[in-house]
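Participant: Got target_27.csv for you, CSV, C-alpha atoms:
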```csv
chain,number,residue,atom,x,y,z
V,20,MET,CA,0.0,0.0,0.0
V,21,LYS,CA,3.0,2.3,0.1
V,22,GLY,CA,2.3,3.7,-3.3
V,23,ASP,CA,-1.3,4.4,-2.3
V,24,TYR,CA,-0.1,6.4,0.7
V,25,GLN,CA,2.3,8.4,-1.3
V,26,ASP,CA,-0.3,9.3,-3.9
V,27,LEU,CA,-2.7,10.5,-1.1
V,28,VAL,CA,0.0,12.5,0.6
V,29,ASP,CA,0.9,14.1,-2.7
V,30,GLU,CA,-2.8,14.9,-3.2
V,31,ILE,CA,-2.9,16.7,0.1
V,32,SER,CA,0.3,18.6,-0.7
V,33,ALA,CA,-1.2,19.7,-4.0
V,34,LEU,CA,-4.5,20.8,-2.3
V,35,LEU,CA,-2.8,22.9,0.3
V,36,GLY,CA,0.3,23.9,-1.5
V,37,ALA,CA,2.5,22.8,1.3
V,38,PRO,CA,4.8,19.7,1.9
V,39,ALA,CA,3.1,17.0,3.9
V,40,THR,CA,4.2,14.0,5.8
V,41,LEU,CA,2.2,11.0,6.9
V,42,GLU,CA,3.0,9.1,10.2
V,43,ASN,CA,1.2,6.3,11.9
V,44,ARG,CA,-0.2,6.8,15.4
V,45,ASP,CA,3.2,5.7,16.8
V,46,PHE,CA,4.9,8.5,14.9
V,47,ARG,CA,6.6,6.2,12.4
V,48,LEU,CA,7.0,7.8,9.0
V,49,ILE,CA,5.0,6.3,6.1
V,50,ALA,CA,5.3,8.8,3.3
V,51,PHE,CA,6.3,12.4,2.7
V,52,GLY,CA,6.0,15.0,0.0
V,53,ALA,CA,8.7,17.1,-1.6
V,54,HIS,CA,9.5,20.5,-0.3
V,55,ASP,CA,11.0,23.7,-1.7
V,56,SER,CA,14.7,23.4,-1.6
V,57,GLU,CA,15.1,27.1,-1.1
V,58,ASP,CA,12.9,27.1,2.0
V,59,ASP,CA,15.4,26.6,4.8
V,60,LEU,CA,12.7,26.5,7.5
V,61,ALA,CA,11.0,23.6,5.8
V,62,MET,CA,13.6,21.1,7.1
V,63,ASP,CA,13.8,21.9,10.8
V,64,PRO,CA,15.4,19.4,13.1
V,65,VAL,CA,12.1,17.6,13.9
V,66,ARG,CA,11.1,17.1,10.3
V,67,THR,CA,14.6,16.2,9.2
V,68,ARG,CA,14.9,13.5,11.9
V,69,SER,CA,11.5,12.1,11.0
V,70,ILE,CA,12.4,11.7,7.3
V,71,LEU,CA,16.0,10.4,7.8
V,72,THR,CA,15.3,8.0,10.6
V,73,ARG,CA,11.6,7.3,9.7
V,74,GLN,CA,10.5,7.9,13.3
V,75,SER,CA,10.2,10.6,15.9
V,76,THR,CA,11.6,10.6,19.4
V,77,ALA,CA,9.5,10.0,22.5
V,78,ALA,CA,10.0,13.6,23.5
V,79,VAL,CA,8.8,14.9,20.2
V,80,ARG,CA,5.8,12.6,20.3
V,81,ALA,CA,4.9,13.8,23.8
V,82,TRP,CA,5.3,17.5,22.8
V,83,PHE,CA,2.9,17.2,19.9
V,84,GLU,CA,0.4,15.0,21.7
V,85,GLY,CA,0.3,17.8,24.3
V,86,PHE,CA,-1.8,19.8,21.8
V,87,GLY,CA,-4.5,17.1,21.9
V,88,ILE,CA,-4.0,15.7,18.4
V,89,ALA,CA,-4.8,12.1,19.6
V,90,ARG,CA,-8.3,13.3,20.6
V,91,ALA,CA,-8.9,15.9,17.9
V,92,THR,CA,-11.4,15.3,15.1
V,93,GLU,CA,-10.5,18.5,13.2
V,94,PRO,CA,-7.2,20.0,12.0
V,95,VAL,CA,-5.0,21.2,14.8
V,96,ARG,CA,-2.7,24.2,14.5
V,97,ILE,CA,0.5,24.0,16.4
V,98,PRO,CA,2.7,27.0,16.7
V,99,ALA,CA,6.4,27.2,16.0
V,100,ALA,CA,8.8,26.4,18.9
V,101,PRO,CA,12.4,26.9,18.0
V,102,ASP,CA,13.6,25.5,21.4
V,103,ALA,CA,11.9,22.2,20.6
V,104,GLY,CA,13.4,22.1,17.1
V,105,VAL,CA,10.1,23.2,15.4
V,106,PHE,CA,11.1,26.2,13.4
V,107,ARG,CA,7.8,26.5,11.6
V,108,GLY,CA,4.3,25.9,12.8
V,109,ARG,CA,2.4,22.8,11.9
V,110,ILE,CA,-1.1,21.9,10.8
V,111,CYS,CA,-2.0,18.4,12.0
V,112,LEU,CA,-4.7,16.5,10.2
V,113,PRO,CA,-5.8,13.5,12.4
V,114,VAL,CA,-6.2,10.4,10.4
V,115,ARG,CA,-9.1,8.4,11.8
V,116,TYR,CA,-11.3,5.5,11.0
V,117,ARG,CA,-14.6,4.9,12.9
V,118,GLY,CA,-13.4,7.4,15.5
V,119,ILE,CA,-10.1,5.7,16.2
V,120,VAL,CA,-6.9,7.6,15.4
V,121,GLN,CA,-4.8,5.7,12.9
V,122,GLY,CA,-2.1,8.3,12.2
V,123,TYR,CA,-1.4,11.9,11.4
V,124,VAL,CA,-0.8,14.1,8.3
V,125,TRP,CA,1.6,16.9,9.1
V,126,LEU,CA,1.8,20.1,7.0
V,127,LEU,CA,4.1,23.1,7.4
V,128,ASP,CA,1.9,26.1,8.2
V,129,ARG,CA,2.2,29.3,6.2
V,130,ASP,CA,0.9,32.8,6.5
V,131,PRO,CA,-1.8,33.1,5.3
V,132,GLY,CA,-2.8,29.6,6.0
V,133,PRO,CA,-4.8,27.4,3.7
V,134,ALA,CA,-8.4,28.3,2.7
V,135,PRO,CA,-11.1,26.5,4.7
V,136,GLU,CA,-12.4,24.8,1.5
V,137,ALA,CA,-8.9,23.4,0.7
V,138,LEU,CA,-8.5,22.3,4.3
V,139,ALA,CA,-11.8,20.5,4.2
V,140,ALA,CA,-10.8,18.7,1.0
V,141,ALA,CA,-7.5,17.7,2.5
V,142,THR,CA,-9.4,16.4,5.6
V,143,GLU,CA,-11.5,14.1,3.3
V,144,VAL,CA,-8.3,12.7,1.8
V,145,ALA,CA,-7.0,12.1,5.3
V,146,GLN,CA,-10.1,10.0,6.0
V,147,ARG,CA,-9.3,7.9,3.0
V,148,ILE,CA,-5.9,7.3,4.4
V,149,GLY,CA,-7.5,6.2,7.7
V,150,VAL,CA,-9.4,3.5,5.9
V,151,LEU,CA,-6.2,2.1,4.3
V,152,LEU,CA,-4.3,2.2,7.7
V,153,ALA,CA,-7.2,0.4,9.4
V,154,GLU,CA,-7.3,-2.3,6.8
V,155,GLU,CA,-3.5,-2.7,7.0
V,156,ALA,CA,-3.7,-3.0,10.8
V,157,LYS,CA,-6.4,-5.6,10.6
V,158,ALA,CA,-4.4,-7.6,8.1
V,159,GLY,CA,-1.4,-7.4,10.4
V,160,ALA,CA,-3.5,-8.6,13.4
V,161,ASP,CA,-4.7,-11.5,11.3
V,162,LEU,CA,-1.2,-12.5,10.3
V,163,SER,CA,0.0,-12.3,13.9
V,164,ARG,CA,-2.8,-14.5,15.1
V,165,GLU,CA,-2.0,-17.1,12.4
V,166,PHE,CA,1.8,-16.9,13.2
V,167,LEU,CA,1.1,-17.5,16.9
V,168,ALA,CA,-1.0,-20.5,16.0
V,169,VAL,CA,1.9,-22.0,14.2
V,170,LEU,CA,4.2,-21.5,17.1
V,171,THR,CA,1.9,-22.9,19.7
V,172,ALA,CA,0.3,-25.8,17.7
V,173,GLY,CA,1.1,-29.4,18.7
V,174,ARG,CA,3.1,-31.5,16.3
V,175,GLY,CA,1.4,-33.3,13.4
V,176,TRP,CA,-1.8,-32.4,11.7
V,177,GLN,CA,-2.4,-29.4,14.1
V,178,GLN,CA,0.8,-27.7,13.0
V,179,ASP,CA,0.2,-28.6,9.4
V,180,MET,CA,-3.1,-26.9,9.5
V,181,ALA,CA,-1.7,-23.9,11.3
V,182,VAL,CA,1.1,-23.5,8.6
V,183,ALA,CA,-1.5,-23.8,5.9
V,184,SER,CA,-3.6,-21.0,7.4
V,185,LEU,CA,-0.5,-18.8,7.8
V,186,ARG,CA,0.5,-19.4,4.2
V,187,LEU,CA,-3.0,-18.5,3.1
V,188,ALA,CA,-3.0,-15.3,5.2
V,189,LEU,CA,0.5,-14.3,3.7
V,190,GLY,CA,-0.9,-14.6,0.2
V,191,ALA,CA,1.7,-14.3,-2.6
V,192,GLY,CA,4.3,-13.4,0.0
V,193,ALA,CA,4.2,-17.0,1.4
V,194,GLU,CA,6.4,-18.2,-1.5
V,195,GLY,CA,9.3,-16.1,-0.3
V,196,LEU,CA,11.9,-17.0,2.4
V,197,HIS,CA,11.2,-15.9,5.9
V,198,ALA,CA,13.2,-16.0,9.2
V,199,ALA,CA,11.5,-16.6,12.5
V,200,VAL,CA,13.3,-14.7,15.3
V,201,CYS,CA,12.4,-15.2,19.0
V,202,VAL,CA,13.6,-13.0,21.9
V,203,ALA,CA,13.2,-14.2,25.5
V,204,PRO,CA,12.3,-13.3,28.2
V,205,TRP,CA,9.7,-10.7,27.0
V,206,SER,CA,7.3,-8.7,29.1
V,207,GLY,CA,4.3,-6.7,27.9
V,208,GLU,CA,2.8,-6.5,24.5
V,209,ALA,CA,4.4,-6.8,21.1
V,210,PRO,CA,5.9,-3.7,19.6
V,211,PRO,CA,3.5,-1.9,17.3
V,212,SER,CA,5.8,-2.4,14.3
V,213,VAL,CA,9.1,-4.1,13.4
V,214,PRO,CA,10.7,-3.0,10.1
V,215,GLY,CA,10.6,-5.8,7.6
V,216,ALA,CA,8.3,-8.0,9.7
V,217,ALA,CA,5.4,-9.9,8.2
V,218,ALA,CA,4.0,-10.8,11.6
V,219,VAL,CA,4.8,-10.1,15.3
V,220,CYS,CA,3.3,-11.9,18.3
V,221,VAL,CA,4.0,-12.6,22.0
V,222,VAL,CA,4.2,-16.4,22.8
V,223,PRO,CA,2.9,-17.0,26.3
V,224,ALA,CA,5.0,-18.9,28.9
V,225,ASP,CA,4.9,-22.7,28.9
V,226,THR,CA,2.8,-23.3,25.8
V,227,ALA,CA,1.9,-26.7,24.6
V,228,ALA,CA,4.7,-26.5,22.0
V,229,ALA,CA,7.5,-25.2,24.2
V,230,ALA,CA,8.2,-24.6,27.8
V,231,GLY,CA,9.9,-21.4,29.0
V,232,PRO,CA,9.2,-17.7,29.7
V,233,PRO,CA,7.1,-15.4,27.5
V,234,ARG,CA,8.9,-14.6,24.3
V,235,LEU,CA,8.5,-12.2,21.4
V,236,ALA,CA,8.4,-13.9,18.0
V,237,VAL,CA,8.9,-12.0,14.7
V,238,LEU,CA,8.4,-13.4,11.2
V,239,LEU,CA,10.7,-11.5,8.8
V,240,ARG,CA,10.8,-11.6,5.0
V,241,LEU,CA,14.2,-12.4,3.5
V,242,ARG,CA,15.6,-11.9,0.0
V,243,SER,CA,17.6,-15.0,0.2
V,244,ALA,CA,18.8,-17.7,2.7
V,245,ASP,CA,22.2,-16.0,2.8
V,246,ALA,CA,20.7,-12.5,3.5
V,247,MET,CA,20.2,-12.6,7.2
V,248,GLY,CA,20.8,-8.8,7.6
V,249,PRO,CA,17.1,-7.9,8.2
V,250,ALA,CA,16.8,-10.5,10.9
V,251,LEU,CA,19.9,-9.4,12.7
V,252,THR,CA,18.9,-5.7,12.4
V,253,ALA,CA,15.5,-6.4,13.9
V,254,LEU,CA,17.1,-8.5,16.7
V,255,GLY,CA,19.5,-5.7,17.5
V,256,ARG,CA,16.6,-3.3,18.0
V,257,LEU,CA,14.6,-5.8,20.2
V,258,LEU,CA,17.4,-7.0,22.5
V,259,PRO,CA,17.6,-3.7,24.5
V,260,ARG,CA,13.9,-3.9,25.3
V,261,ALA,CA,14.2,-7.5,26.4
V,262,SER,CA,17.2,-6.6,28.6
V,263,ALA,CA,15.2,-3.8,30.2
V,264,ALA,CA,12.4,-6.2,31.1
V,265,GLY,CA,14.9,-8.0,33.4
V,266,GLY,CA,17.0,-11.0,33.0
V,267,ALA,CA,19.5,-11.9,30.3
V,268,PRO,CA,17.8,-12.2,27.0
V,269,GLY,CA,18.1,-15.3,24.9
V,270,THR,CA,17.4,-15.5,21.2
V,271,ALA,CA,16.6,-18.1,18.6
V,272,GLY,CA,16.0,-17.9,14.9
V,273,GLY,CA,15.5,-19.9,11.8
V,274,ALA,CA,14.8,-19.4,8.1
V,275,GLY,CA,12.6,-21.1,5.7
V,276,ALA,CA,9.8,-20.7,3.2
V,277,VAL,CA,6.3,-20.7,4.6
V,278,ARG,CA,5.0,-23.6,2.5
V,279,SER,CA,4.0,-27.1,3.2
V,280,SER,CA,6.5,-29.8,2.5
```
Could you express the structure from this file as C-alpha coordinates?
Facilitator:
Amino acid sequence: MKGDYQDLVDEISALLGAPATLENRDFRLIAFGAHDSEDDLAMDPVRTRSILTRQSTAAVRAWFEGFGIARATEPVRIPAAPDAGVFRGRICLPVRYRGIVQGYVWLLDRDPGPAPEALAAATEVAQRIGVLLAEEAKAGADLSREFLAVLTAGRGWQQDMAVASLRLALGAGAEGLHAAVCVAPWSGEAPPSVPGAAAVCVVPADTAAAAGPPRLAVLLRLRSADAMGPALTALGRLLPRASAAGGAPGTAGGAGAVRSS
(Lines of atoms letter the chains of each structure in order from A and count residues from 1; the text may use other names and numbers.)
(Lines give C-alpha, C1' and ligand atoms only; values in the text may rest on other atoms or scores of the structure.)
Protein backbone atom coordinates (compact mmCIF):
# COMPACT_ATOMS: atom_id res chain seq x y z
CA MET A 1 0.00 0.00 0.00
CA LYS A 2 3.01 2.30 0.15
CA GLY A 3 2.27 3.68 -3.32
CA ASP A 4 -1.31 4.44 -2.31
CA TYR A 5 -0.14 6.36 0.75
CA GLN A 6 2.35 8.37 -1.29
CA ASP A 7 -0.30 9.28 -3.86
CA LEU A 8 -2.67 10.47 -1.13
CA VAL A 9 0.04 12.49 0.61
CA ASP A 10 0.93 14.12 -2.71
CA GLU A 11 -2.77 14.90 -3.23
CA ILE A 12 -2.93 16.67 0.13
CA SER A 13 0.27 18.59 -0.66
CA ALA A 14 -1.23 19.73 -3.96
CA LEU A 15 -4.51 20.77 -2.34
CA LEU A 16 -2.82 22.88 0.31
CA GLY A 17 0.31 23.95 -1.53
CA ALA A 18 2.53 22.76 1.31
CA PRO A 19 4.81 19.75 1.88
CA ALA A 20 3.08 17.01 3.86
CA THR A 21 4.24 13.95 5.78
CA LEU A 22 2.22 10.95 6.94
CA GLU A 23 3.02 9.11 10.17
CA ASN A 24 1.19 6.29 11.89
CA ARG A 25 -0.15 6.77 15.40
CA ASP A 26 3.22 5.69 16.81
CA PHE A 27 4.91 8.52 14.89
CA ARG A 28 6.64 6.24 12.38
CA LEU A 29 7.00 7.81 8.96
CA ILE A 30 4.96 6.26 6.14
CA ALA A 31 5.25 8.81 3.30
CA PHE A 32 6.34 12.39 2.73
CA GLY A 33 6.01 15.01 0.01
CA ALA A 34 8.69 17.09 -1.64
CA HIS A 35 9.52 20.53 -0.28
CA ASP A 36 10.96 23.73 -1.72
CA SER A 37 14.75 23.37 -1.58
CA GLU A 38 15.08 27.14 -1.08
CA ASP A 39 12.90 27.10 2.02
CA ASP A 40 15.42 26.59 4.84
CA LEU A 41 12.74 26.47 7.53
CA ALA A 42 10.97 23.58 5.81
CA MET A 43 13.61 21.14 7.06
CA ASP A 44 13.81 21.93 10.76
CA PRO A 45 15.41 19.36 13.13
CA VAL A 46 12.13 17.59 13.92
CA ARG A 47 11.11 17.12 10.28
CA THR A 48 14.64 16.19 9.21
CA ARG A 49 14.92 13.49 11.87
CA SER A 50 11.50 12.10 11.01
CA ILE A 51 12.42 11.72 7.33
CA LEU A 52 15.97 10.44 7.83
CA THR A 53 15.26 7.96 10.64
CA ARG A 54 11.61 7.31 9.69
CA GLN A 55 10.47 7.93 13.27
CA SER A 56 10.23 10.64 15.92
CA THR A 57 11.65 10.59 19.43
CA ALA A 58 9.48 9.99 22.49
CA ALA A 59 10.03 13.62 23.53
CA VAL A 60 8.81 14.93 20.18
CA ARG A 61 5.79 12.65 20.32
CA ALA A 62 4.88 13.80 23.83
CA TRP A 63 5.29 17.46 22.83
CA PHE A 64 2.93 17.20 19.86
CA GLU A 65 0.43 15.02 21.73
CA GLY A 66 0.29 17.78 24.33
CA PHE A 67 -1.78 19.77 21.81
CA GLY A 68 -4.53 17.15 21.90
CA ILE A 69 -3.96 15.66 18.45
CA ALA A 70 -4.82 12.12 19.62
CA ARG A 71 -8.33 13.29 20.60
CA ALA A 72 -8.89 15.87 17.86
CA THR A 73 -11.38 15.30 15.06
CA GLU A 74 -10.55 18.53 13.22
CA PRO A 75 -7.24 20.00 11.99
CA VAL A 76 -5.02 21.21 14.82
CA ARG A 77 -2.72 24.21 14.48
CA ILE A 78 0.55 23.95 16.39
CA PRO A 79 2.75 27.05 16.73
CA ALA A 80 6.45 27.16 16.00
CA ALA A 81 8.77 26.37 18.91
CA PRO A 82 12.44 26.86 17.97
CA ASP A 83 13.58 25.55 21.38
CA ALA A 84 11.86 22.24 20.56
CA GLY A 85 13.36 22.08 17.07
CA VAL A 86 10.11 23.18 15.41
CA PHE A 87 11.13 26.23 13.37
CA ARG A 88 7.81 26.53 11.59
CA GLY A 89 4.29 25.91 12.83
CA ARG A 90 2.44 22.76 11.85
CA ILE A 91 -1.06 21.85 10.81
CA CYS A 92 -1.95 18.35 11.97
CA LEU A 93 -4.74 16.45 10.21
CA PRO A 94 -5.75 13.53 12.45
CA VAL A 95 -6.22 10.37 10.38
CA ARG A 96 -9.15 8.45 11.82
CA TYR A 97 -11.29 5.45 11.00
CA ARG A 98 -14.57 4.94 12.86
CA GLY A 99 -13.44 7.40 15.51
CA ILE A 100 -10.10 5.71 16.19
CA VAL A 101 -6.91 7.58 15.37
CA GLN A 102 -4.77 5.68 12.86
CA GLY A 103 -2.11 8.30 12.20
CA TYR A 104 -1.40 11.93 11.40
CA VAL A 105 -0.78 14.05 8.33
CA TRP A 106 1.60 16.91 9.07
CA LEU A 107 1.80 20.11 7.04
CA LEU A 108 4.06 23.11 7.39
CA ASP A 109 1.92 26.11 8.23
CA ARG A 110 2.16 29.29 6.21
CA ASP A 111 0.90 32.84 6.51
CA PRO A 112 -1.77 33.12 5.32
CA GLY A 113 -2.84 29.58 6.04
CA PRO A 114 -4.84 27.36 3.69
CA ALA A 115 -8.36 28.32 2.74
CA PRO A 116 -11.13 26.55 4.68
CA GLU A 117 -12.35 24.80 1.51
CA ALA A 118 -8.90 23.42 0.74
CA LEU A 119 -8.45 22.30 4.34
CA ALA A 120 -11.83 20.52 4.23
CA ALA A 121 -10.83 18.73 1.01
CA ALA A 122 -7.51 17.67 2.55
CA THR A 123 -9.35 16.35 5.60
CA GLU A 124 -11.46 14.14 3.32
CA VAL A 125 -8.28 12.72 1.79
CA ALA A 126 -6.96 12.07 5.31
CA GLN A 127 -10.11 10.04 5.99
CA ARG A 128 -9.32 7.87 2.96
CA ILE A 129 -5.87 7.30 4.40
CA GLY A 130 -7.52 6.24 7.66
CA VAL A 131 -9.42 3.48 5.86
CA LEU A 132 -6.20 2.13 4.35
CA LEU A 133 -4.34 2.22 7.67
CA ALA A 134 -7.20 0.44 9.44
CA GLU A 135 -7.29 -2.26 6.76
CA GLU A 136 -3.54 -2.72 7.01
CA ALA A 137 -3.72 -2.96 10.81
CA LYS A 138 -6.44 -5.63 10.58
CA ALA A 139 -4.40 -7.61 8.07
CA GLY A 140 -1.38 -7.40 10.39
CA ALA A 141 -3.46 -8.58 13.35
CA ASP A 142 -4.74 -11.55 11.33
CA LEU A 143 -1.21 -12.52 10.32
CA SER A 144 0.03 -12.26 13.89
CA ARG A 145 -2.78 -14.51 15.09
CA GLU A 146 -1.97 -17.14 12.44
CA PHE A 147 1.76 -16.90 13.24
CA LEU A 148 1.06 -17.46 16.94
CA ALA A 149 -1.04 -20.50 16.04
CA VAL A 150 1.91 -22.00 14.16
CA LEU A 151 4.25 -21.45 17.12
CA THR A 152 1.87 -22.93 19.69
CA ALA A 153 0.30 -25.79 17.72
CA GLY A 154 1.07 -29.35 18.65
CA ARG A 155 3.10 -31.47 16.26
CA GLY A 156 1.45 -33.34 13.42
CA TRP A 157 -1.80 -32.41 11.74
CA GLN A 158 -2.43 -29.43 14.06
CA GLN A 159 0.80 -27.74 13.03
CA ASP A 160 0.23 -28.63 9.38
CA MET A 161 -3.15 -26.90 9.49
CA ALA A 162 -1.69 -23.87 11.27
CA VAL A 163 1.08 -23.51 8.65
CA ALA A 164 -1.48 -23.82 5.86
CA SER A 165 -3.59 -21.04 7.43
CA LEU A 166 -0.55 -18.78 7.81
CA ARG A 167 0.46 -19.43 4.21
CA LEU A 168 -3.04 -18.47 3.08
CA ALA A 169 -2.95 -15.28 5.16
CA LEU A 170 0.45 -14.31 3.71
CA GLY A 171 -0.90 -14.59 0.17
CA ALA A 172 1.66 -14.26 -2.60
CA GLY A 173 4.35 -13.42 -0.02
CA ALA A 174 4.19 -16.96 1.36
CA GLU A 175 6.39 -18.24 -1.47
CA GLY A 176 9.33 -16.14 -0.32
CA LEU A 177 11.86 -17.01 2.36
CA HIS A 178 11.22 -15.94 5.95
CA ALA A 179 13.21 -15.95 9.17
CA ALA A 180 11.55 -16.60 12.52
CA VAL A 181 13.31 -14.72 15.32
CA CYS A 182 12.42 -15.18 19.01
CA VAL A 183 13.57 -13.01 21.90
CA ALA A 184 13.15 -14.15 25.51
CA PRO A 185 12.29 -13.26 28.16
CA TRP A 186 9.74 -10.70 27.00
CA SER A 187 7.26 -8.74 29.08
CA GLY A 188 4.30 -6.70 27.94
CA GLU A 189 2.77 -6.46 24.51
CA ALA A 190 4.42 -6.84 21.12
CA PRO A 191 5.90 -3.65 19.63
CA PRO A 192 3.47 -1.91 17.25
CA SER A 193 5.80 -2.41 14.31
CA VAL A 194 9.10 -4.05 13.44
CA PRO A 195 10.74 -3.01 10.14
CA GLY A 196 10.56 -5.79 7.57
CA ALA A 197 8.26 -7.96 9.70
CA ALA A 198 5.40 -9.92 8.19
CA ALA A 199 4.00 -10.77 11.63
CA VAL A 200 4.79 -10.13 15.29
CA CYS A 201 3.34 -11.86 18.33
CA VAL A 202 4.04 -12.65 21.98
CA VAL A 203 4.17 -16.35 22.78
CA PRO A 204 2.88 -17.00 26.31
CA ALA A 205 4.97 -18.86 28.87
CA ASP A 206 4.95 -22.66 28.89
CA THR A 207 2.81 -23.26 25.82
CA ALA A 208 1.94 -26.71 24.61
CA ALA A 209 4.67 -26.50 21.95
CA ALA A 210 7.50 -25.22 24.16
CA ALA A 211 8.23 -24.56 27.80
CA GLY A 212 9.88 -21.39 29.04
CA PRO A 213 9.22 -17.70 29.70
CA PRO A 214 7.10 -15.44 27.47
CA ARG A 215 8.93 -14.56 24.28
CA LEU A 216 8.54 -12.22 21.37
CA ALA A 217 8.38 -13.88 17.95
CA VAL A 218 8.94 -12.01 14.69
CA LEU A 219 8.42 -13.37 11.18
CA LEU A 220 10.74 -11.50 8.82
CA ARG A 221 10.84 -11.57 5.04
CA LEU A 222 14.22 -12.41 3.47
CA ARG A 223 15.57 -11.85 -0.02
CA SER A 224 17.65 -15.04 0.16
CA ALA A 225 18.76 -17.66 2.67
CA ASP A 226 22.17 -15.97 2.85
CA ALA A 227 20.75 -12.49 3.50
CA MET A 228 20.16 -12.55 7.24
CA GLY A 229 20.78 -8.82 7.62
CA PRO A 230 17.10 -7.90 8.19
CA ALA A 231 16.76 -10.53 10.91
CA LEU A 232 19.91 -9.38 12.67
CA THR A 233 18.89 -5.72 12.43
CA ALA A 234 15.49 -6.45 13.94
CA LEU A 235 17.11 -8.52 16.65
CA GLY A 236 19.49 -5.70 17.54
CA ARG A 237 16.57 -3.33 18.04
CA LEU A 238 14.60 -5.77 20.17
CA LEU A 239 17.35 -6.97 22.52
CA PRO A 240 17.62 -3.71 24.54
CA ARG A 241 13.92 -3.87 25.35
CA ALA A 242 14.22 -7.51 26.41
CA SER A 243 17.16 -6.61 28.64
CA ALA A 244 15.19 -3.75 30.20
CA ALA A 245 12.45 -6.22 31.08
CA GLY A 246 14.85 -8.00 33.40
CA GLY A 247 17.02 -11.04 33.01
CA ALA A 248 19.53 -11.92 30.34
CA PRO A 249 17.80 -12.19 26.97
CA GLY A 250 18.12 -15.29 24.87
CA THR A 251 17.44 -15.53 21.16
CA ALA A 252 16.65 -18.15 18.61
CA GLY A 253 16.02 -17.93 14.93
CA GLY A 254 15.50 -19.92 11.80
CA ALA A 255 14.83 -19.37 8.11
CA GLY A 256 12.61 -21.13 5.65
CA ALA A 257 9.80 -20.70 3.19
CA VAL A 258 6.30 -20.75 4.63
CA ARG A 259 5.01 -23.59 2.48
CA SER A 260 3.96 -27.13 3.15
CA SER A 261 6.55 -29.84 2.52
Participant: What is the CA of Ala217 (chain V)-CA of Ala160 (chain V) distance in Å, reported with one decimal?
Facilitator: 10.4 Å
Participant: Need the shell around region 127-139 of chain V: protein/DNA/RNA residues with any atom at most 8 Å away, counting only C-alpha atoms. Skip same-chain ones fewer than 3 positions apart. Format as a list in words?
Facilitator: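 Once the adjacent positions are removed, what remains is Leu34, Leu35, Ala37, Pro38, Ala39, Ala61, Arg107, Gly108, Arg109, Ile110, Thr142 and Glu143 of chain V.
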Participant: Would you list the contacts of Arg44 (chain V) as a ChimeraX atom specification, taking every protein, DNA or RNA residue within 7 Å and counting all atoms listed in the file, but skipping same-chain residues closer than 5 positions in sequence?
Facilitator: /V:120-123
Participant: V:Ile148, V:Leu41, V:Ala50, V:Ala81: which is nearest Cys111 (chain V), counting all atoms listed in the file?
Facilitator: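 Of all the options, V:Leu41 lies closest to Cys111 (chain V).
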Participant: Excluding Ser163 (chain V) and its own-chain neighbours fewer than 3 positions away, which residues fall within 9 Å of it when counting only C-alpha atoms? Please give them as a ChimeraX atom specification.
Facilitator: /V:158-160,166-168,185,217-220,237-238
Participant: Could you pull the residues within 12 Å of Gly215 (chain V), counting only C-alpha atoms, minus those fewer than 5 positions along the same chain, as a list in words?
Facilitator: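 Near neighbours after the sequence-gap exclusion: His197, Ala198, Ala199, Val237, Leu238, Leu239, Arg240, Leu241, Arg242, Met247, Gly248, Pro249, Ala250, Leu251, Thr252, Ala253 and Leu254 of chain V.
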